[in-house]
Amino acid sequence: MNALNIVDYTQTLGLQAKAASALMAKAPTALKNTALRKLAALLRANVQPLQIDNAKDIERALAAGLAAPMVDRLKLTPQVIETCAQGCEQLAAMPDIIGEIIGMKQQPSGIRVGQMRVPIGVFGMIFESRPNVTIEAASLSIKSGNACILRGGSEAIESNKALAKLVQQALLESGLPADAVQLVQTTDRAVVGQLITLPQYVDVIIPRGGKGLIERISRDAKVPVIKHLDGNCHVYVDDPCDIEMAVRVADNAKTHKYSPCNAAEGLLVARGVAAEFLPKIGAIYAAKGVEMRCDAEAQAILVHAVRAELVEASANLVSATEQDWYEEYLAPIISIRVVDGVNEAIAHINQYSSHHTDAIITRDHMHAQAFLREVDSASVMVNTSTRFADGFEFGLGAEIGISTDKFHARGPVGMEGLTSLKYVVLGQGEVR
């Protein structure tokens, strides 16, 4: 596409989305739920055709030498497709929050004032790699009565086109406008530049991908952006704690999957439990090939443990640099530091974390409360894995992304994050 065609194409997408958003905003709940259930059925009926299209993307990615974690994110396995279908059904079963009125209060003047939840309108979503995001975004958009323009990564173009076709089929068969969910059909990056500068059509932009993409969009956008830059998440093992629980959680938070933004990248250990805890988690990490970048105290404990029982694990032990405390590795690497206790852990997290998700493993109720109150992150957890920071796991039906900003959407962004509130005033002829 040439520059002129790109401008025309993006304007057309915007016009069509705006028109569709007006119809979606007033669509009955039953129609939206029908579309979501139809989409779930279509996904299950098209597992093989979807995998054929997905194979083209994977083949191209491997030929281009894409990193293994990126190729992993591209895969549309039957399990991934089933999770998408379940997400649609979970959303369909949820109450429709559009039109609900909250906080209605009588004022001295006689008027009653409250707030009504309404769709945002049109959102643009720019994402990389994972094609299942197409379904998550589309299903949340439908349920929340919005229209959306989706621009997936060029590496997943065939998968995304196949999925978007099913979404539009489900919309049409349910009596809703097909343009309520539009996928950008070109891989030309100039479309993104256009899309983020169209406030007359697009109400919010949601970038979901690498740091470079999100920084660029945050810098150039002329519409509001819902975003997070990094997932530098921490597990803090407190004194006192259940050591076996701490080992289980720290293992899951790091090794369940290395590529997601909610995987733990930092492990903080209270001095009082370090000698007991670190050799146990160190043995597991070493067996799984996880490199441990440690401060001097943690390294000394682990080296001693290695001499005792993990002869081949010493290659996995490295001295941490200052930069390591800031890193989002997205790989089998974790930074490990021994701290005095809960206050030093909170201070470390607030200084170095990306304010995404942080967890404490503790038996002390007061420590847990202090951690929940004082850690300045979008999701804060007690005695469980950071891997739960996810819209599906939080019961949101699906998530459109994660926000580490502090305006209305923070943490996993589900249906509520795609809505706004407007004031409604009820009177009986009162004048001021």
# chains A, B, ... in the order shown; residues from 1 in each chain; ligands from 1

call {"tool": "closest_atom_pairs", "arguments": {"of": "segment 158-208 of chain A", "to": "segment 116-128 of chain A", "cutoff": "6 Å", "atoms": "only C-alpha atoms", "output": "JSON lines"}}
result
{"residue": "A:Val202", "atom": "CA", "partner": "A:Val122", "partner_atom": "CA", "distance": 5.1}
{"residue": "A:Asp203", "atom": "CA", "partner": "A:Val122", "partner_atom": "CA", "distance": 5.4}
{"residue": "A:Val204", "atom": "CA", "partner": "A:Phe123", "partner_atom": "CA", "distance": 4.9}
{"residue": "A:Ile205", "atom": "CA", "partner": "A:Gly124", "partner_atom": "CA", "distance": 4.7}
{"residue": "A:Ile206", "atom": "CA", "partner": "A:Met125", "partner_atom": "CA", "distance": 4.7}
{"residue": "A:Pro207", "atom": "CA", "partner": "A:Ile126", "partner_atom": "CA", "distance": 4.7}
{"residue": "A:Arg208", "atom": "CA", "partner": "A:Phe127", "partner_atom": "CA", "distance": 4.5}

call {"tool": "residues_around", "arguments": {"residues": "Asn46 of chain A", "least_positions_apart": "2", "cutoff": "10 Å", "atoms": "only C-alpha atoms", "output": "list in words"}}
result
Ala41, Leu42, Leu43, Arg44, Gln48, Pro49, Leu50, Gln51, Pro78, Ile81, Ala162, Leu163 and Leu166 of chain A

call {"tool": "residues_around", "arguments": {"residues": "segment 91-94 of chain A", "least_positions_apart": "2", "cutoff": "7 Å", "atoms": "only C-alpha atoms", "output": "NGL selection string"}}
result
:A and (33 or 36-37 or 87-89 or 96 or 143 or 397)

call {"tool": "residues_around", "arguments": {"residues": "Leu198 of chain A", "least_positions_apart": "4", "cutoff": "9 Å", "atoms": "only C-alpha atoms", "output": "PyMOL selection string"}}
result
chain A and resi 10-11+14+194+202-203+221-223

call {"tool": "select_by_dssp", "arguments": {"residues": "segment 149-371 of chain A", "states": "helix (DSSP H, G or I)", "output": "number ranges by chain"}}
result
A: 154-173, 178-180, 190-195, 211-220, 243-255, 271-287, 296-309, 311-316, 322-326, 342-352, 365-371

call {"tool": "closest_residue", "arguments": {"among": "A:Leu74, A:Ile97, A:Ala35, A:Ile102", "to": "Val167 of chain A", "atoms": "only C-alpha atoms"}}
result
A:Ala35
